[in-house]
Structures are given as structure tokens and as C-alpha cells.
>>> print(open('query-v5.txt').read())   # compact mmCIF, C-alpha atoms
# COMPACT_ATOMS: atom_id res chain seq x y z
CA MET A 1 33.74 117.61 37.95
CA TYR A 2 36.53 120.19 38.27
CA ASN A 3 35.09 123.44 39.46
CA LYS A 4 36.90 126.77 39.84
CA ASN A 5 35.61 130.30 40.25
CA TYR A 6 36.32 133.52 42.14
CA TYR A 7 35.14 137.05 42.85
CA LYS A 8 36.82 140.13 44.25
CA ILE A 9 35.26 143.26 45.68
CA SER A 10 36.40 146.27 47.67
CA PHE A 11 34.28 148.81 49.49
CA PRO A 12 34.65 151.52 52.18
CA SER A 13 34.59 150.47 55.83
CA ARG A 14 31.15 151.94 56.49
CA SER A 15 29.04 149.80 58.82
CA VAL A 16 26.14 149.87 56.34
CA ASN A 17 28.35 147.72 54.05
CA GLU A 18 28.36 144.81 56.53
CA SER A 19 25.04 143.62 55.09
CA PHE A 20 26.26 144.26 51.52
CA ALA A 21 29.30 142.02 52.15
CA ARG A 22 27.04 139.25 53.47
CA MET A 23 24.83 139.44 50.41
CA THR A 24 27.79 139.06 48.02
CA ILE A 25 29.17 135.96 49.72
CA SER A 26 25.70 134.40 50.05
CA ALA A 27 25.10 134.88 46.32
CA PHE A 28 28.55 133.59 45.34
CA CYS A 29 28.46 130.40 47.42
CA MET A 30 25.06 129.36 45.98
CA GLN A 31 26.81 127.62 43.05
CA LEU A 32 28.09 125.03 45.55
CA ASP A 33 24.48 124.14 46.36
CA PRO A 34 24.95 124.65 50.12
CA THR A 35 22.35 123.94 52.78
CA VAL A 36 20.55 126.87 54.41
CA GLU A 37 22.64 126.28 57.52
CA GLN A 38 25.90 126.36 55.55
CA VAL A 39 24.94 129.67 53.89
CA ASN A 40 24.09 131.10 57.30
CA ASP A 41 27.42 129.94 58.72
CA ILE A 42 29.35 131.50 55.83
CA ARG A 43 27.57 134.86 55.84
CA THR A 44 27.86 135.08 59.62
CA ALA A 45 31.62 134.45 59.48
CA VAL A 46 32.03 137.11 56.78
CA SER A 47 29.92 139.53 58.78
CA GLU A 48 32.27 139.08 61.76
CA ALA A 49 35.42 139.56 59.66
CA VAL A 50 34.05 142.69 57.97
CA THR A 51 32.84 144.11 61.29
CA ASN A 52 36.36 143.65 62.68
CA CYS A 53 37.67 145.80 59.82
CA VAL A 54 35.01 148.49 60.40
CA VAL A 55 35.48 148.60 64.18
CA HIS A 56 39.14 147.75 64.73
CA ALA A 57 41.20 148.11 61.55
CA TYR A 58 39.95 151.60 60.76
CA PRO A 59 38.82 152.92 64.16
CA ASP A 60 38.82 156.64 63.36
CA THR A 61 38.88 156.65 59.56
CA ILE A 62 37.09 155.10 56.62
CA GLY A 63 39.46 152.71 54.83
CA THR A 64 39.00 150.05 52.18
CA ILE A 65 37.96 146.47 52.88
CA TYR A 66 38.86 143.82 50.29
CA ILE A 67 37.06 140.50 49.93
CA THR A 68 38.28 137.73 47.67
CA ALA A 69 36.44 134.42 47.54
CA THR A 70 37.47 131.40 45.52
CA ILE A 71 35.84 128.10 44.84
CA LYS A 72 37.95 125.09 43.99
CA ASP A 73 35.97 121.90 43.77
CA SER A 74 33.92 121.89 46.97
CA ILE A 75 36.23 124.19 48.95
CA LEU A 76 35.17 127.80 49.51
CA LYS A 77 38.06 130.06 50.55
CA ILE A 78 37.33 133.61 51.69
CA THR A 79 39.93 136.31 52.32
CA VAL A 80 38.92 139.51 54.11
CA LYS A 81 41.71 142.07 54.04
CA ASP A 82 42.29 145.60 55.26
CA LYS A 83 45.14 148.12 55.29
CA GLY A 84 44.32 149.33 58.78
CA ILE A 85 46.17 149.51 62.09
CA GLY A 86 46.89 145.79 62.35
CA ILE A 87 46.94 143.50 65.38
CA SER A 88 50.01 143.32 67.62
CA ASP A 89 48.97 140.18 69.51
CA ILE A 90 46.88 137.93 67.26
CA GLN A 91 46.57 135.16 69.84
CA LYS A 92 45.14 137.60 72.39
CA ALA A 93 42.79 139.14 69.80
CA MET A 94 41.37 135.70 69.04
CA GLU A 95 40.66 134.85 72.69
CA PRO A 96 36.91 134.49 73.29
CA MET A 97 35.36 137.38 75.25
CA TYR A 98 38.43 139.56 74.72
CA SER A 99 37.81 142.87 72.99
CA THR A 100 39.57 146.21 72.91
CA ASP A 101 36.19 147.83 72.33
CA MET A 102 33.95 146.68 75.21
CA HIS A 103 32.36 150.12 75.73
CA ASN A 104 30.72 149.80 72.31
CA GLU A 105 29.04 146.55 73.31
CA ARG A 106 31.36 144.28 71.34
CA ALA A 107 31.17 140.82 72.92
CA GLY A 108 34.68 139.80 71.91
CA LEU A 109 33.38 136.76 70.05
CA GLY A 110 34.03 137.67 66.42
CA PHE A 111 36.90 135.24 65.87
CA ALA A 112 35.15 132.60 68.00
CA VAL A 113 32.15 132.75 65.66
CA MET A 114 34.41 132.53 62.59
CA GLN A 115 36.17 129.49 64.06
CA ALA A 116 32.89 127.84 65.08
CA PHE A 117 31.25 128.31 61.68
CA MET A 118 34.14 127.75 59.24
CA ASP A 119 36.49 124.77 58.92
CA LYS A 120 39.71 126.79 59.13
CA VAL A 121 40.49 130.40 60.11
CA LYS A 122 43.93 131.92 59.74
CA VAL A 123 44.87 135.48 60.67
CA TYR A 124 47.89 137.35 59.33
CA SER A 125 48.63 140.85 60.58
CA LYS A 126 51.33 143.48 60.81
CA PRO A 127 50.87 146.50 63.07
CA GLY A 128 50.54 149.59 60.90
CA LYS A 129 50.17 147.54 57.72
CA GLY A 130 46.89 145.71 58.01
CA THR A 131 45.24 142.36 58.58
CA ARG A 132 44.22 139.43 56.42
CA VAL A 133 41.74 136.79 57.57
CA VAL A 134 41.62 133.61 55.49
CA MET A 135 38.73 131.23 56.08
CA THR A 136 37.87 127.98 54.34
CA LYS A 137 34.84 125.73 54.37
CA ASN A 138 34.21 122.49 52.56
CA ILE A 139 30.72 122.48 51.02
CA GLU A 140 30.11 118.83 50.30
CA ARG A 141 27.52 118.15 47.64
CA SER A 142 24.75 115.97 48.94
CA ASN A 143 24.55 113.74 45.83
CA MET B 1 16.23 148.35 58.16
CA THR B 2 16.76 147.23 61.74
CA LYS B 3 14.18 148.34 64.27
CA ALA B 4 12.70 147.54 67.67
CA GLU B 5 8.99 147.58 68.52
CA PHE B 6 7.61 147.41 72.03
CA THR B 7 4.59 145.89 73.74
CA GLN B 8 3.88 146.12 77.46
CA GLU B 9 1.35 144.31 79.63
CA LYS B 10 1.10 142.92 83.16
CA GLY B 11 4.54 143.97 84.29
CA GLN B 12 6.27 142.64 81.17
CA LEU B 13 7.95 144.64 78.44
CA THR B 14 8.53 142.76 75.20
CA VAL B 15 11.12 144.12 72.77
CA HIS B 16 10.40 142.83 69.27
CA LEU B 17 13.59 142.98 67.20
CA ILE B 18 13.05 143.29 63.46
CA GLY B 19 15.63 143.02 60.65
CA ASP B 20 19.37 142.29 60.68
CA ILE B 21 21.13 142.39 64.06
CA ASP B 22 24.69 143.14 63.01
CA HIS B 23 27.10 145.82 64.26
CA HIS B 24 25.35 148.45 62.13
CA GLY B 25 21.80 147.48 63.06
CA ALA B 26 22.47 146.94 66.78
CA SER B 27 24.05 150.36 67.15
CA MET B 28 20.93 151.98 65.68
CA ILE B 29 18.45 150.48 68.17
CA ARG B 30 20.30 149.99 71.46
CA TYR B 31 19.64 153.44 72.97
CA ASN B 32 15.96 153.25 72.03
CA ILE B 33 15.68 149.88 73.79
CA ASP B 34 17.42 151.16 76.93
CA THR B 35 15.12 154.18 77.05
CA HIS B 36 12.03 151.93 76.87
CA ILE B 37 13.38 149.56 79.56
CA MET B 38 14.13 152.45 81.92
CA LYS B 39 10.72 154.06 81.38
CA ALA B 40 8.71 150.83 81.59
CA MET B 41 9.31 150.09 85.30
CA VAL B 42 8.59 146.37 84.82
CA LYS B 43 9.87 143.21 86.48
CA VAL B 44 10.30 141.24 83.26
CA VAL B 45 11.84 142.24 79.94
CA VAL B 46 11.68 139.83 76.99
CA ILE B 47 13.76 140.32 73.87
CA ASP B 48 11.89 138.58 71.07
CA PHE B 49 14.00 137.54 68.06
CA THR B 50 11.09 136.23 65.95
CA GLY B 51 11.39 139.08 63.43
CA VAL B 52 15.18 138.87 63.13
CA THR B 53 16.45 138.00 59.66
CA PHE B 54 20.16 137.74 60.53
CA MET B 55 22.27 137.87 63.67
CA ASP B 56 26.01 137.78 64.32
CA SER B 57 27.96 138.28 67.56
CA SER B 58 26.62 141.83 67.73
CA GLY B 59 23.43 140.17 69.01
CA ILE B 60 25.39 138.87 72.00
CA GLY B 61 26.67 142.35 72.81
CA LEU B 62 23.14 143.70 72.47
CA VAL B 63 21.70 141.11 74.88
CA LEU B 64 24.52 141.34 77.45
CA ALA B 65 24.35 145.13 77.61
CA ARG B 66 20.52 145.05 77.95
CA HIS B 67 21.00 142.54 80.78
CA LYS B 68 23.04 145.22 82.55
CA THR B 69 20.31 147.82 81.92
CA CYS B 70 17.71 145.44 83.34
CA GLN B 71 19.83 144.75 86.42
CA ASP B 72 20.09 148.49 87.05
CA CYS B 73 16.27 148.73 86.79
CA GLY B 74 15.53 145.66 88.92
CA ALA B 75 14.13 143.66 86.00
CA SER B 76 14.87 140.15 84.75
CA LEU B 77 15.80 139.69 81.10
CA TYR B 78 14.66 136.79 78.92
CA VAL B 79 15.33 135.97 75.29
CA SER B 80 12.73 134.30 73.06
CA GLY B 81 12.02 133.45 69.42
CA VAL B 82 15.58 132.30 68.76
CA ASP B 83 16.11 130.00 65.79
CA ARG B 84 18.82 127.36 65.47
CA GLN B 85 21.40 129.68 63.91
CA MET B 86 20.92 132.42 66.51
CA GLY B 87 20.98 129.78 69.24
CA LYS B 88 24.39 128.62 68.03
CA ILE B 89 25.74 132.15 68.38
CA LEU B 90 24.12 132.88 71.75
CA ALA B 91 25.42 129.53 73.05
CA LEU B 92 28.99 130.70 72.40
CA ALA B 93 28.42 133.30 75.11
CA GLY B 94 26.53 130.88 77.36
CA ILE B 95 23.20 132.67 76.92
CA ARG B 96 20.32 130.28 77.47
CA THR B 97 17.08 130.88 75.65
CA ILE B 98 13.44 130.18 76.37
CA GLN B 99 10.58 129.32 74.05
CA ASN B 100 7.60 130.64 76.00
CA ILE B 101 7.12 133.12 78.77
CA ASN B 102 4.49 132.78 81.47
CA VAL B 103 4.47 135.55 84.03
>>> encode(input="query-v5.txt", output="C-alpha cells")
Amino acid sequence: MYNKNYYKISFPSRSVNESFARMTISAFCMQLDPTVEQVNDIRTAVSEAVTNCVVHAYPDTIGTIYITATIKDSILKITVKDKGIGISDIQKAMEPMYSTDMHNERAGLGFAVMQAFMDKVKVYSKPGKGTRVVMTKNIERSN
Amino acid sequence: MTKAEFTQEKGQLTVHLIGDIDHHGASMIRYNIDTHIMKAMVKVVVIDFTGVTFMDSSGIGLVLARHKTCQDCGASLYVSGVDRQMGKILALAGIRTIQNINV
């Protein structure tokens, strides 16, 4: 059966909204009938992407975080976007255990978690313009 | 609401984490945990994740920084009550977990 749906939200980069973002994606992906583990993987990946926006994209200001999620057949595609400071070296930023914010107890594993829990993670960024993280996961139906 | 509760007996301080351990939640409890570790003067500190409803990589930062606090206080740090999902995240940082503590 052909299946297509989407949602879009935006909210300020306040850390209290990290849990709100997780709740929205958890609720949205339910229509794919995911396993508990798949829901956990998805909400954890979104939590990491949103936290990156809160901590890194808007370090000294409150900016807007945009989430768009689409479902096409069994593929869930999530885009987390900001208009923050951007990333000059994406490859370096994605290195496990690397963080520009170690004094605030960031482990430098945000992208590693996204990559471990989603099928594909792509990062697009321009310094001064912002960053877009696009993640996909195939939620196969069990029947 | 993320919070930490503490029990102490026989040279062991147990930190019971409750709620969501994300960037927001971890930042609210970390100083309270450090204060308890420094005051407790124990040899063993256990962080118990049984009451945790969600954890992302902020949990790794929380554990690694408490490990440093424990080292400074001469205590050993253990992690318990970790479910499969949390274990997957902690494993990314090479943190091994234990099921039961016998001191």
C-alpha cells in the first residue's frame, strides 16, 4: 500500500524543548508500526540532532530549530535544521569523541549515535548560514 | 523532571537517576551529584539507571565526568541498571556496565 505523510514544526532552541522534539517524532513514527527498539533509536537520534542545535548552532542566543519528517512507504526521513553558526569542518565535527564543548560534559558522540541508530545520516552546513541534518530509517513492517 | 536520589551504606554511595537523561536533564543534576560524591567519602560510587526513562549521549558525558570526580576523591565508579538501549549508547564510548554490585 502506498503510504505518504509528513509533519513540520519549529520551536526555540531552549534545552527544555529537547524532550518535546523527541515526543513529536515518537508520536509521528507510530503509524509505521515500529518496534520499541526502533522508536527508541529514532527519538535518540532526534535528541542528538536537536541538542547539537541548542549547544552548537546557537551557542549564545536562542534561535529557531526546524524539524520536518516525512514518511514514504516504509522510509522515515527526518530533517533537523537551524540557521545558526554552521560547521566549518563537517568531517571533523562528525569524528567520535570530538567536541568543541568538552567543558560542558559533551562526550562528542552525537553524530556517532545518529549514525549508529539511523540507516543514513547526511550533514549539510555553511558557516554563518546554518546546518541541516538529514536522517533516514527504513521501518519494515513485520507482516 | 530529571532528578537524582542518593543512598549510602557500607562505604558505597548509590546515585539513583530518575527521568530523562538528555542535555537538559543532565545539566540540572550534575552539580548535585558531584557535591554528594565529594561529601560522601566512600570507596565505591554506583550510578543506578533503573529509574531512567530516556538517555542519549548526554548520559555518556554525565558518567565520564563523574568518573573524574570519583578519581579525584579516591573512589571507584560503577554503572548499574542499564537497559539494552542505554547499553548501546554507553558501548559507543566503551563504558562497560555491571548488573549487580557486591562490596
>>> interface_residues(input="query-v5.txt", of="chain B", to="chain A", cutoff="8 Å", atoms="all atoms listed in the file", output="count of residues only")
15
>>> atom_distance(input="query-v5.txt", atom1="atom CA of B:Ser76", atom2="atom CA of B:Val44")
4.9 Å
>>> atom_distance(input="query-v5.txt", atom1="atom CA of A:Thr61", atom2="atom CA of B:Ser27")
17.8 Å
>>> residues_around(input="query-v5.txt", residues="B:Val15", least_positions_apart="2", cutoff="7 Å", atoms="only C-alpha atoms", output="JSON, numbers by chain")
{"B": [4, 5, 6, 7, 13, 17, 46, 47, 48]}
>>> residues_around(input="query-v5.txt", residues="A:Gly84", least_positions_apart="3", cutoff="10 Å", atoms="all atoms listed in the file", output="number ranges by chain")
A: 53-54, 56-59, 61-65, 81, 87, 125-131
